[in-house]
>>> print(open('my_file.cif').read())   # mmCIF, C-alpha atoms and all ligand atoms
data_model
#
loop_
_atom_site.label_atom_id
_atom_site.label_comp_id
_atom_site.auth_asym_id
_atom_site.auth_seq_id
_atom_site.Cartn_x
_atom_site.Cartn_y
_atom_site.Cartn_z
CA MET A 1 0.00 0.00 0.00
CA GLN A 2 1.05 3.55 -0.69
CA LYS A 3 2.68 5.25 2.28
CA HIS A 4 1.00 8.23 3.90
CA PRO A 5 3.52 9.48 6.38
CA GLU A 6 1.03 11.36 8.48
CA LEU A 7 -1.44 8.46 8.77
CA PRO A 8 -1.09 5.61 11.30
CA GLN A 9 1.14 3.29 9.32
CA ALA A 10 0.68 0.33 11.64
CA PHE A 11 -3.02 0.29 10.74
CA ALA A 12 -2.23 0.88 7.06
CA ASP A 13 -0.04 -2.23 7.20
CA LEU A 14 -3.08 -4.26 8.23
CA GLY A 15 -4.86 -3.17 5.04
CA VAL A 16 -6.96 -0.38 6.54
CA SER A 17 -8.17 2.13 3.93
CA VAL A 18 -7.26 5.81 3.80
CA PRO A 19 -10.66 7.25 4.90
CA ILE A 20 -10.53 5.10 8.00
CA LEU A 21 -6.85 5.88 8.63
CA LYS A 22 -7.76 9.56 8.59
CA ALA A 23 -10.37 8.98 11.26
CA LEU A 24 -7.95 6.91 13.35
CA ARG A 25 -5.42 9.72 13.15
CA LYS A 26 -8.07 12.16 14.30
CA ILE A 27 -9.14 9.90 17.18
CA GLY A 28 -5.51 9.35 18.11
CA TYR A 29 -5.12 5.59 17.54
CA GLU A 30 -1.54 5.04 16.44
CA THR A 31 -0.89 1.41 17.15
CA PRO A 32 -3.37 -1.44 16.80
CA SER A 33 -4.16 -3.39 19.96
CA ASP A 34 -3.55 -7.17 19.92
CA ILE A 35 -7.10 -8.05 18.95
CA GLN A 36 -7.07 -5.40 16.22
CA ARG A 37 -3.79 -6.68 14.83
CA GLU A 38 -5.17 -10.20 14.62
CA MET A 39 -8.76 -9.56 13.70
CA ILE A 40 -8.65 -6.76 11.12
CA PRO A 41 -6.83 -8.64 8.31
CA VAL A 42 -8.91 -11.79 8.80
CA ALA A 43 -12.17 -9.83 8.89
CA LEU A 44 -11.14 -7.87 5.79
CA SER A 45 -10.62 -11.19 3.98
CA GLY A 46 -14.30 -11.96 4.55
CA ARG A 47 -13.84 -15.00 6.80
CA ASP A 48 -16.16 -15.72 9.71
CA ILE A 49 -14.52 -15.21 13.09
CA LEU A 50 -14.91 -16.35 16.68
CA GLY A 51 -12.99 -13.69 18.56
CA GLN A 52 -12.30 -14.13 22.24
CA ALA A 53 -11.74 -10.73 23.77
CA ARG A 54 -13.03 -8.67 26.63
CA THR A 55 -14.09 -5.10 26.67
CA GLY A 56 -11.10 -2.81 27.08
CA THR A 57 -9.03 -4.64 24.47
CA GLY A 58 -10.07 -2.42 21.57
CA LYS A 59 -12.47 -5.09 20.32
CA THR A 60 -15.03 -2.62 18.95
CA ALA A 61 -12.61 -1.18 16.42
CA SER A 62 -11.37 -4.69 15.61
CA PHE A 63 -14.75 -5.57 14.09
CA GLY A 64 -15.87 -2.00 13.35
CA ILE A 65 -12.96 -1.05 11.10
CA PRO A 66 -13.29 -4.02 8.68
CA ALA A 67 -17.08 -3.76 8.56
CA LEU A 68 -16.91 -0.03 7.78
CA GLN A 69 -14.27 -0.61 5.16
CA ARG A 70 -16.33 -3.23 3.35
CA ILE A 71 -19.63 -1.35 3.45
CA ASP A 72 -20.61 0.34 0.20
CA PRO A 73 -22.16 3.71 1.14
CA ASN A 74 -24.11 3.72 -2.12
CA LYS A 75 -26.11 0.69 -1.12
CA ARG A 76 -28.78 -0.32 1.41
CA LEU A 77 -28.36 -1.56 4.98
CA GLN A 78 -25.44 -3.97 5.02
CA ALA A 79 -24.26 -4.49 8.59
CA LEU A 80 -25.88 -5.38 11.89
CA CYS A 81 -24.20 -5.55 15.27
CA LEU A 82 -26.03 -7.02 18.26
CA ALA A 83 -24.95 -5.98 21.74
CA PRO A 84 -26.28 -7.12 25.13
CA THR A 85 -27.10 -3.79 26.81
CA ARG A 86 -28.22 -0.31 25.91
CA GLU A 87 -25.01 1.12 27.29
CA LEU A 88 -22.88 -1.11 25.13
CA ALA A 89 -25.01 -0.45 22.05
CA VAL A 90 -24.59 3.31 22.58
CA GLN A 91 -20.88 2.96 23.20
CA VAL A 92 -20.27 0.74 20.16
CA THR A 93 -22.25 3.15 17.99
CA GLY A 94 -20.20 6.08 19.27
CA GLU A 95 -16.92 4.32 18.51
CA ILE A 96 -18.07 3.15 15.08
CA ARG A 97 -19.39 6.58 14.13
CA ARG A 98 -16.06 8.16 14.99
CA ILE A 99 -14.23 5.66 12.82
CA ALA A 100 -16.82 6.09 10.04
CA GLU A 101 -16.42 9.88 9.87
CA PHE A 102 -14.75 9.96 6.43
CA THR A 103 -16.37 6.85 4.93
CA GLY A 104 -19.88 8.12 4.18
CA VAL A 105 -21.29 5.20 6.17
CA HIS A 106 -24.35 6.05 8.24
CA CYS A 107 -24.84 4.21 11.56
CA VAL A 108 -27.92 4.03 13.75
CA ALA A 109 -28.42 2.57 17.23
CA VAL A 110 -31.66 0.89 18.31
CA TYR A 111 -32.10 -0.10 21.93
CA GLY A 112 -34.81 -0.36 24.54
CA GLY A 113 -35.60 2.36 27.03
CA GLN A 114 -35.63 5.16 24.49
CA LYS A 115 -38.69 6.35 22.60
CA ILE A 116 -39.28 3.96 19.74
CA GLN A 117 -40.47 6.77 17.46
CA THR A 118 -37.10 8.53 17.61
CA GLN A 119 -35.35 5.38 16.51
CA VAL A 120 -37.99 4.61 13.87
CA HIS A 121 -37.31 8.05 12.46
CA GLN A 122 -33.57 7.33 12.39
CA LEU A 123 -34.08 3.99 10.68
CA GLY A 124 -36.10 5.85 8.06
CA LYS A 125 -32.92 7.68 7.08
CA LYS A 126 -31.57 4.48 5.51
CA PRO A 127 -28.56 3.57 7.61
CA HIS A 128 -25.88 1.24 6.30
CA PHE A 129 -25.00 -0.09 9.73
CA VAL A 130 -27.42 -0.80 12.59
CA ILE A 131 -26.23 -1.48 16.11
CA GLY A 132 -28.79 -2.67 18.60
CA THR A 133 -29.92 -4.81 21.48
CA PRO A 134 -31.65 -8.04 20.38
CA GLY A 135 -35.01 -7.16 21.96
CA ARG A 136 -35.33 -3.80 20.22
CA VAL A 137 -33.99 -5.19 16.94
CA MET A 138 -36.70 -7.87 17.03
CA ASP A 139 -39.27 -5.22 17.82
CA MET A 140 -38.17 -3.10 14.86
CA ILE A 141 -38.25 -6.11 12.55
CA GLY A 142 -41.73 -6.99 13.83
CA ARG A 143 -42.97 -3.45 13.14
CA ARG A 144 -41.37 -3.59 9.69
CA HIS A 145 -39.07 -0.68 10.31
CA LEU A 146 -36.03 -2.87 9.86
CA ASP A 147 -35.49 -5.35 7.07
CA ILE A 148 -32.50 -7.61 7.56
CA HIS A 149 -33.12 -10.19 4.84
CA GLU A 150 -30.15 -8.88 2.88
CA LEU A 151 -27.11 -8.32 5.06
CA ASP A 152 -23.41 -8.68 4.37
CA TYR A 153 -21.94 -8.39 7.89
CA VAL A 154 -23.30 -9.58 11.17
CA ILE A 155 -21.49 -9.04 14.44
CA LEU A 156 -22.52 -10.46 17.78
CA ASP A 157 -20.73 -8.54 20.48
CA GLU A 158 -20.36 -9.96 24.01
CA VAL A 159 -22.22 -13.12 23.07
CA ASP A 160 -21.73 -14.62 26.53
CA ARG A 161 -23.49 -11.65 28.13
CA MET A 162 -26.31 -11.75 25.60
CA LEU A 163 -26.93 -15.38 26.48
CA ASP A 164 -26.68 -14.63 30.22
CA ILE A 165 -29.35 -11.99 29.86
CA GLY A 166 -31.58 -14.46 28.04
CA PHE A 167 -31.40 -13.26 24.46
CA ARG A 168 -30.76 -16.72 23.03
CA ASP A 169 -34.10 -17.06 21.23
CA ASP A 170 -34.02 -13.51 19.90
CA ILE A 171 -30.51 -14.06 18.55
CA ARG A 172 -31.54 -17.26 16.82
CA LYS A 173 -34.58 -15.60 15.29
CA ILE A 174 -32.60 -12.57 14.12
CA LEU A 175 -29.86 -14.67 12.55
CA GLY A 176 -32.55 -16.89 11.02
CA TYR A 177 -34.10 -13.92 9.18
CA ILE A 178 -31.00 -13.26 7.12
CA ARG A 179 -31.30 -14.78 3.67
CA SER A 180 -28.20 -13.45 1.96
CA GLU A 181 -24.66 -14.83 2.18
CA HIS A 182 -22.90 -12.88 4.87
CA GLN A 183 -19.87 -12.71 7.09
CA THR A 184 -20.49 -13.46 10.78
CA ILE A 185 -18.29 -12.41 13.67
CA PHE A 186 -18.83 -13.60 17.23
CA VAL A 187 -17.03 -11.68 19.95
CA SER A 188 -17.14 -13.00 23.47
CA ALA A 189 -15.06 -13.01 26.64
CA THR A 190 -15.72 -16.73 26.98
CA PHE A 191 -16.64 -19.50 24.56
CA ASP A 192 -18.57 -22.23 26.33
CA ASP A 193 -20.39 -25.16 24.73
CA GLU A 194 -23.57 -23.20 24.23
CA ILE A 195 -21.82 -20.41 22.35
CA ARG A 196 -19.92 -22.93 20.27
CA ARG A 197 -23.20 -24.66 19.34
CA LEU A 198 -24.65 -21.31 18.31
CA ALA A 199 -21.50 -20.48 16.35
CA LYS A 200 -21.55 -23.88 14.63
CA GLN A 201 -25.06 -23.25 13.42
CA PHE A 202 -24.50 -19.69 12.24
CA THR A 203 -20.89 -19.47 11.02
CA ARG A 204 -18.91 -21.16 8.28
CA GLU A 205 -15.42 -22.47 9.07
CA PRO A 206 -14.72 -19.59 11.43
CA VAL A 207 -11.20 -18.49 12.25
CA GLU A 208 -10.66 -18.52 16.00
CA ILE A 209 -8.84 -15.58 17.51
CA ASN A 210 -8.09 -15.44 21.21
CA VAL A 211 -6.63 -12.36 22.74
CA SER A 212 -8.05 -12.56 26.20
CA ARG A 213 -6.69 -9.77 28.27
CA ASP A 214 -7.76 -10.63 31.77
CA GLN A 215 -4.36 -11.59 32.99
CA ILE A 216 -2.88 -8.41 31.63
CA THR A 217 -5.59 -6.38 33.34
CA VAL A 218 -5.09 -8.29 36.54
CA ASP A 219 -1.38 -7.64 36.40
CA GLN A 220 -1.84 -3.92 35.83
CA VAL A 221 -4.30 -3.33 38.63
CA GLN A 222 -3.03 -2.93 42.17
CA GLN A 223 -5.42 -5.02 44.19
CA PHE A 224 -6.22 -4.59 47.87
CA PHE A 225 -8.79 -5.66 50.37
CA VAL A 226 -10.02 -4.24 53.66
CA THR A 227 -12.02 -6.25 56.15
CA ALA A 228 -15.28 -4.56 56.86
CA GLU A 229 -18.55 -5.72 58.31
CA GLN A 230 -21.60 -4.56 56.46
CA ARG A 231 -22.34 -1.81 58.99
CA ASP A 232 -18.81 -0.35 58.65
CA LYS A 233 -18.64 -0.30 54.87
CA PHE A 234 -20.08 3.15 54.34
CA ARG A 235 -17.71 4.78 56.81
CA LEU A 236 -14.81 2.97 55.15
CA LEU A 237 -15.90 4.12 51.69
CA LYS A 238 -16.05 7.70 52.89
CA LEU A 239 -12.52 7.49 54.29
CA LEU A 240 -11.27 5.84 51.12
CA LEU A 241 -12.76 8.58 48.93
CA GLU A 242 -11.26 11.27 51.17
CA GLN A 243 -7.81 9.72 51.40
CA ASP A 244 -7.32 8.24 47.91
CA GLU A 245 -9.10 11.13 46.16
CA PRO A 246 -9.87 9.00 43.09
CA GLU A 247 -10.30 10.86 39.82
CA ALA A 248 -12.93 8.38 38.71
CA ALA A 249 -14.19 5.53 40.85
CA ILE A 250 -16.78 2.86 40.17
CA VAL A 251 -18.29 1.43 43.33
CA PHE A 252 -19.88 -1.96 42.72
CA THR A 253 -22.75 -3.33 44.76
CA ASN A 254 -24.38 -6.72 44.22
CA THR A 255 -27.97 -5.51 44.09
CA LYS A 256 -29.95 -2.63 42.64
CA HIS A 257 -31.35 -1.93 46.08
CA ALA A 258 -27.86 -1.60 47.56
CA ALA A 259 -26.76 0.70 44.71
CA ARG A 260 -29.73 2.98 45.24
CA LYS A 261 -29.24 3.07 48.99
CA LEU A 262 -25.53 3.74 48.75
CA ALA A 263 -25.94 6.57 46.23
CA GLY A 264 -28.47 8.13 48.61
CA GLN A 265 -26.12 7.81 51.58
CA LEU A 266 -23.32 9.46 49.61
CA HIS A 267 -25.58 12.38 48.67
CA LYS A 268 -26.53 12.83 52.30
CA VAL A 269 -22.93 13.35 53.33
CA GLY A 270 -22.28 15.70 50.41
CA ILE A 271 -20.38 13.33 48.11
CA GLU A 272 -21.63 13.69 44.59
CA ALA A 273 -22.25 10.29 43.04
CA MET A 274 -24.27 8.94 40.13
CA GLU A 275 -25.96 5.57 40.16
CA ILE A 276 -26.64 3.12 37.37
CA HIS A 277 -28.71 0.00 37.80
CA GLY A 278 -31.58 -1.76 36.10
CA ASP A 279 -34.33 0.08 37.98
CA LEU A 280 -33.27 3.44 36.67
CA MET A 281 -34.96 4.98 33.63
CA GLN A 282 -32.80 4.84 30.54
CA ARG A 283 -32.65 8.61 30.33
CA LYS A 284 -31.23 8.77 33.82
CA ARG A 285 -28.74 5.99 33.10
CA ASP A 286 -27.55 7.82 30.00
CA LYS A 287 -27.21 11.04 31.97
CA ALA A 288 -25.27 9.33 34.74
CA MET A 289 -22.90 7.73 32.25
CA GLU A 290 -22.45 10.98 30.38
CA ARG A 291 -21.53 12.91 33.54
CA PHE A 292 -19.17 10.19 34.74
CA ARG A 293 -17.56 9.84 31.31
CA LYS A 294 -16.93 13.58 31.19
CA HIS A 295 -15.49 13.42 34.71
CA ARG A 296 -18.11 15.85 36.01
CA VAL A 297 -18.78 13.44 38.82
CA ARG A 298 -16.09 11.26 40.34
CA VAL A 299 -18.10 8.41 41.78
CA LEU A 300 -20.37 6.00 39.95
CA VAL A 301 -22.30 3.44 41.97
CA ALA A 302 -23.17 0.51 39.74
CA THR A 303 -24.48 -3.02 39.59
CA ASP A 304 -22.73 -5.52 37.34
CA LEU A 305 -25.41 -5.78 34.72
CA ALA A 306 -25.78 -2.03 34.31
CA ALA A 307 -22.01 -1.58 34.18
CA ARG A 308 -21.53 -4.25 31.55
CA GLY A 309 -19.40 -3.06 28.72
CA ILE A 310 -19.18 0.52 29.95
CA ASP A 311 -16.02 2.11 28.82
CA VAL A 312 -14.77 5.23 30.50
CA GLN A 313 -11.27 6.47 30.05
CA ASN A 314 -9.13 6.82 33.15
CA VAL A 315 -11.18 4.97 35.71
CA THR A 316 -8.65 5.06 38.53
CA HIS A 317 -10.49 3.05 41.19
CA ILE A 318 -12.71 0.03 41.29
CA ILE A 319 -14.30 -0.45 44.69
CA ASN A 320 -16.00 -3.73 45.45
CA TYR A 321 -18.37 -2.45 48.11
CA ASP A 322 -19.79 -5.95 47.91
CA LEU A 323 -17.50 -8.74 46.85
CA PRO A 324 -19.05 -10.45 43.81
CA VAL A 325 -20.28 -13.96 44.46
CA ASP A 326 -19.19 -15.15 41.01
CA ILE A 327 -15.43 -14.93 40.91
CA GLN A 328 -15.35 -14.30 37.16
CA VAL A 329 -17.29 -11.11 37.83
CA TYR A 330 -14.38 -9.89 39.94
CA VAL A 331 -12.17 -9.90 36.86
CA HIS A 332 -14.87 -8.23 34.76
CA ARG A 333 -15.14 -5.51 37.35
CA ILE A 334 -11.50 -4.75 37.67
CA GLY A 335 -11.29 -4.78 33.88
CA ARG A 336 -13.12 -1.43 33.99
CA THR A 337 -9.87 0.16 35.05
CA ALA A 338 -6.40 -0.31 33.57
CA ARG A 339 -7.83 0.30 30.09
CA MET A 340 -5.44 0.13 27.16
CA GLY A 341 -2.36 -0.09 29.34
CA ALA A 342 -3.28 2.46 32.03
CA LYS A 343 -2.81 1.57 35.68
CA GLY A 344 -5.59 1.21 38.22
CA LYS A 345 -6.39 0.35 41.80
CA ALA A 346 -9.02 -2.05 43.06
CA VAL A 347 -10.14 -2.19 46.69
CA SER A 348 -12.50 -4.91 47.90
CA PHE A 349 -14.49 -4.67 51.12
CA VAL A 350 -14.48 -8.17 52.55
CA THR A 351 -16.63 -9.38 55.45
CA ARG A 352 -15.36 -11.95 57.89
CA GLU A 353 -17.41 -14.71 56.24
CA GLU A 354 -16.02 -13.96 52.79
CA GLY A 355 -12.50 -15.25 53.41
CA VAL A 356 -13.02 -18.36 51.28
CA LEU A 357 -14.41 -16.28 48.43
CA LEU A 358 -11.43 -13.93 48.60
CA THR A 359 -9.07 -16.89 48.49
CA ASP A 360 -10.96 -18.33 45.51
CA ILE A 361 -10.46 -15.04 43.68
CA GLU A 362 -6.75 -15.08 44.47
CA LYS A 363 -6.50 -18.63 43.16
CA MET A 364 -8.17 -17.63 39.95
CA ILE A 365 -6.00 -14.62 39.31
CA ASN A 366 -2.99 -16.41 40.76
CA ARG A 367 -2.08 -13.39 42.81
CA GLU A 368 -2.29 -12.34 46.38
CA ILE A 369 -4.69 -9.53 47.15
CA VAL A 370 -2.98 -7.39 49.76
CA GLU A 371 -4.66 -6.04 52.88
CA CYS A 372 -4.59 -2.25 53.10
CA SER A 373 -5.79 0.26 55.66
CA TYR A 374 -7.23 3.76 55.84
CA GLU A 375 -6.48 6.29 58.53
CA GLY A 376 -9.23 6.49 61.09
CA TYR A 377 -10.58 3.05 60.24
CA THR A 378 -10.02 0.06 62.47
CA PRO A 379 -10.53 -3.03 60.37
CA SER A 380 -12.83 -5.78 61.58
CA PRO A 381 -11.14 -9.05 62.56
CA PRO A 382 -9.58 -10.59 59.45
CA PRO A 383 -11.68 -12.96 57.34
CA GLU A 384 -11.35 -16.66 57.98
CA ARG A 385 -9.27 -17.98 55.14
CA PRO A 386 -8.15 -21.40 54.03
CA LYS A 387 -4.37 -21.58 54.15
CA LEU A 388 -2.59 -21.52 50.83
CA VAL A 389 0.27 -23.87 50.18
CA ALA A 390 2.97 -21.62 48.74
CA LEU A 391 3.99 -22.21 45.18
CA THR A 392 7.60 -22.93 44.43
CA PRO A 393 9.00 -20.38 41.97
CA GLY A 394 8.94 -23.00 39.20
CA GLU A 395 5.32 -23.88 39.87
CA ALA A 396 4.37 -20.24 40.11
CA LEU A 397 5.92 -19.59 36.74
CA ALA A 398 4.27 -22.65 35.21
CA SER A 399 0.84 -21.65 36.48
CA ARG A 400 1.34 -18.06 35.38
CA LEU A 401 2.19 -19.31 31.92
CA VAL A 402 -1.03 -21.31 31.91
CA THR A 403 -3.13 -18.31 32.84
CA SER A 404 -1.36 -15.71 30.76
CA SER A 405 -1.57 -17.77 27.58
CA GLY A 406 -5.15 -16.60 27.31
CA ALA A 407 -6.46 -20.07 28.07
CA GLU A 408 -7.78 -19.14 31.46
CA GLU A 409 -11.32 -19.74 30.37
CA ASP A 410 -10.64 -23.42 29.82
CA ASP A 411 -11.56 -25.60 32.71
CA ALA A 412 -8.59 -27.86 32.35
CA PRO A 413 -5.86 -25.27 32.97
CA ARG A 414 -7.81 -23.75 35.79
CA ARG A 415 -8.20 -27.12 37.46
CA THR A 416 -4.45 -27.58 37.18
CA LEU A 417 -4.00 -24.23 38.84
CA LEU A 418 -6.47 -24.93 41.60
CA ARG A 419 -4.82 -28.20 42.51
CA ARG A 420 -1.74 -26.28 43.44
CA TYR A 421 -3.57 -24.74 46.37
CA LYS A 422 -4.57 -27.11 49.12
CA PRO A 423 -6.89 -25.82 51.80
CA ALA A 424 -5.43 -26.28 55.27
CA ARG A 425 -7.02 -29.08 57.27
CA ARG A 426 -9.64 -27.89 59.70
CA ARG A 427 -8.51 -28.01 63.32
CA ARG A 428 -10.94 -29.37 65.87
P1 LIG A 501 -13.16 -1.52 23.53
O1 LIG A 501 -12.47 -2.80 23.97
O2 LIG A 501 -13.57 -1.57 22.12
O3 LIG A 501 -14.28 -1.18 24.48
O4 LIG A 501 -12.07 -0.34 23.61
C1 LIG A 501 -11.48 0.10 24.80
C2 LIG A 501 -10.95 1.51 24.71
O5 LIG A 501 -9.74 1.56 23.97
C3 LIG A 501 -11.87 2.50 24.02
O6 LIG A 501 -11.87 3.69 24.78
C4 LIG A 501 -11.26 2.77 22.69
O7 LIG A 501 -11.56 4.06 22.24
C5 LIG A 501 -9.78 2.59 22.97
N1 LIG A 501 -9.01 2.08 21.82
C6 LIG A 501 -9.38 1.12 20.97
N2 LIG A 501 -8.40 0.89 20.07
C7 LIG A 501 -7.38 1.70 20.37
C8 LIG A 501 -6.06 1.92 19.82
N3 LIG A 501 -5.62 1.22 18.80
N4 LIG A 501 -5.28 2.86 20.41
C9 LIG A 501 -5.72 3.56 21.47
N5 LIG A 501 -6.94 3.39 22.05
C10 LIG A 501 -7.75 2.48 21.51
#
>>> encode(input="my_file.cif", output="structure tokens")
Amino acid sequence: MQKHPELPQAFADLGVSVPILKALRKIGYETPSDIQREMIPVALSGRDILGQARTGTGKTASFGIPALQRIDPNKRLQALCLAPTRELAVQVTGEIRRIAEFTGVHCVAVYGGQKIQTQVHQLGKKPHFVIGTPGRVMDMIGRRHLDIHELDYVILDEVDRMLDIGFRDDIRKILGYIRSEHQTIFVSATFDDEIRRLAKQFTREPVEINVSRDQITVDQVQQFFVTAEQRDKFRLLKLLLEQDEPEAAIVFTNTKHAARKLAGQLHKVGIEAMEIHGDLMQRKRDKAMERFRKHRVRVLVATDLAARGIDVQNVTHIINYDLPVDIQVYVHRIGRTARMGAKGKAVSFVTREEGVLLTDIEKMINREIVECSYEGYTPSPPPERPKLVALTPGEALASRLVTSSGAEEDDAPRRTLLRRYKPARRRR
């Protein structure tokens, strides 16, 4: 390809076209991320792909760039991207629109929680690329505002989350509507049997790409815990916010009720915080995200589902006000910080009964989570923990290699890792 010295050459080397390179220069992307380096050339070749990558890896551009490049702006609707949540649909659309700036490709987002008429109106403007949540996409198809019989590119983003939320039937129906030959890309943080079955039915000889980034994230985030009984957590959070002065902190609770209550408590003591959870109207969720993204408010209280896929630059702190019960969720949460190589800090509030859970998390990430303290806070008695049998340096290296190869989602390597830790025998 012809050299354009001022354009990002590393993307040009992957076969990215000049209009898109111009946009990338404007956005400030100079070097492709791992998933982009692997996915863009394969996607440009037209092959189906199963891409294993989490949010924060640059996955949106990895499927967005090739789709935009292959769309003909003189033709009808050609591409559809399904995403699990409204937030992710909005975020993907924003990223794709930025990249599309000089291509003439018109993108529209359709998702629940916003007036359907507004989106109907936008669909009437003949987009080339529609990004949406499965429920709203089905709705639009049902109302005949969206015709997807003839598509060239179909992307399923965060397939694992879409299945978790219960979109399996909608996804099958949507994919079943498409009559034309098309390229299909599945992107997911994990690929379990169910996703593979779905992929087998709806893709042709897909190329598998795995650039899972969890271990990298885990390595870049400083991780701490503080023992705190439920009744002490709020006081601890207040001290943490005063002493750490985070630029942008996401505080995770396990329930919508807890998120609402905590946001209220923070307001009462004069700490400005936004909340996002499933009970909140979409307009309010959008507003909260917007203010947090623009760093107008430093604290966002969130539940896992609402926070799924949210991408905010420079999140400095992740606070697990409640430790997640599912240990995979811990990694998803801390993946909100340390984006694209930045550093972050995660602090987990752990009750005395949660010692085993904390140890399980450490086993999974193969790292010790260090106890920390805040001035003016006397920690509760430490959690009861099973004793870990120390790894020899050789074993530690071997297990790190297992996890950092990106295979951490496989059961087999994880079992190998877990066997290295033997719980101490209970004393009578
Ligand atoms: P994603 O995994 O798509 O949610 O992207 C994570 C973040 O990385 C987003 O804020 C993107 O704008 C940003 N990003 C994606 N690709 C690049 C790149 N090549 N260089 C710098 N930032 C990027």
>>> atom_distance(input="my_file.cif", atom1="CA of Val105 in chain A", atom2="CA of Leu123 in chain A")
13.6 Å
>>> atom_distance(input="my_file.cif", atom1="CA of Glu371 in chain A", atom2="CA of Ser348 in chain A")
9.4 Å
>>> residues_around(input="my_file.cif", residues="range 145-148 of chain A", least_positions_apart="2", cutoff="9 Å", atoms="all atoms listed in the file", output="list in words")
Leu77, Gln78, Ala79, Leu80, Val120, Leu123, Gly124, Val137, Met138, Asp139, Met140, Ile141, Gly142, Arg143, Glu150, Leu151, Ile174, Tyr177, Ile178 and Arg179 of chain A
>>> closest_residue(input="my_file.cif", among="A:Ile195, A:Val187, A:Ile276, A:Ile318", to="Glu247 in chain A", atoms="all atoms listed in the file")
A:Ile318
>>> axis_aligned_box(input="my_file.cif", around="ligand LIG 501 (chain A)", padding_each_side="4 Å", output="AutoDock Vina command-line options")
--center_x -9.8 --center_y 0.6 --center_z 21.8 --size_x 17.0 --size_y 14.9 --size_z 14.0
>>> closest_residue(input="my_file.cif", among="A:Pro8, A:Gly28, A:Pro246, A:Pro381", to="ligand LIG 501 (chain A)", atoms="only C-alpha atoms and all ligand atoms")
A:Gly28
>>> atom_distance(input="my_file.cif", atom1="CA of Pro383 in chain A", atom2="CA of Asp244 in chain A")
23.6 Å
>>> residues_near_point(input="my_file.cif", point="(-20.3, -6.3, 36.9)", cutoff="9 Å", atoms="all atoms listed in the file", output="JSON, numbers by chain")
{"A": [252, 253, 254, 302, 303, 304, 305, 306, 307, 308, 309, 324, 329, 330, 331, 332, 333, 334]}
>>> residues_around(input="my_file.cif", residues="range 49-57 of chain A", least_positions_apart="5", cutoff="6 Å", atoms="all atoms listed in the file", output="PyMOL selection string")
chain A and resi 185-189+206-212+339
>>> residues_around(input="my_file.cif", residues="Ala67 in chain A", least_positions_apart="3", cutoff="10 Å", atoms="all atoms listed in the file", output="ChimeraX atom specification")
/A:40,43-44,46,61-64,70-72,78-81,96,100,129,152-155,183
>>> closest_residue(input="my_file.cif", among="A:Thr203, A:Thr93, A:Thr227, A:Gln243", to="ligand LIG 501 (chain A)", atoms="all atoms listed in the file")
A:Thr93
>>> closest_residue(input="my_file.cif", among="A:Met364, A:Met289, A:Ala248, A:Ile327", to="Gln91 in chain A", atoms="only C-alpha atoms")
A:Met289
>>> residues_near_point(input="my_file.cif", point="(-12.2, 7.8, 15.2)", cutoff="12 Å", atoms="all atoms listed in the file", output="ChimeraX atom specification")
/A:8,19-30,60-61,64-65,68,92-103
>>> closest_residue(input="my_file.cif", among="A:Asn314, A:Gln201, A:Thr184, A:Thr133", to="ligand LIG 501 (chain A)", atoms="all atoms listed in the file")
A:Asn314
>>> closest_residue(input="my_file.cif", among="A:Pro379, A:Gly112, A:Gly15, A:Pro32", to="ligand LIG 501 (chain A)", atoms="only C-alpha atoms and all ligand atoms")
A:Pro32
>>> decode(input="my_file.cif", residues="range 22-30 of chain A", atoms="N, CA and C atoms", output="compact mmCIF listing (two decimals), in the first residue's frame")
# COMPACT_ATOMS: atom_id res chain seq x y z
N LYS A 22 -7.63 8.13 8.24
CA LYS A 22 -7.76 9.56 8.59
C LYS A 22 -8.52 9.71 9.90
N ALA A 23 -9.58 8.91 10.02
CA ALA A 23 -10.37 8.98 11.26
C ALA A 23 -9.53 8.50 12.45
N LEU A 24 -8.77 7.44 12.25
CA LEU A 24 -7.95 6.91 13.35
C LEU A 24 -6.92 7.95 13.79
N ARG A 25 -6.39 8.66 12.80
CA ARG A 25 -5.42 9.72 13.15
C ARG A 25 -6.12 10.78 14.00
N LYS A 26 -7.34 11.13 13.58
CA LYS A 26 -8.07 12.16 14.30
C LYS A 26 -8.41 11.69 15.73
N ILE A 27 -8.79 10.42 15.85
CA ILE A 27 -9.14 9.90 17.18
C ILE A 27 -7.88 9.77 18.04
N GLY A 28 -6.76 9.49 17.37
CA GLY A 28 -5.51 9.35 18.11
C GLY A 28 -5.05 7.90 18.29
N TYR A 29 -5.61 6.98 17.49
CA TYR A 29 -5.12 5.59 17.54
C TYR A 29 -3.89 5.48 16.64
N GLU A 30 -2.77 5.16 17.24
CA GLU A 30 -1.54 5.04 16.44
C GLU A 30 -1.18 3.60 16.20
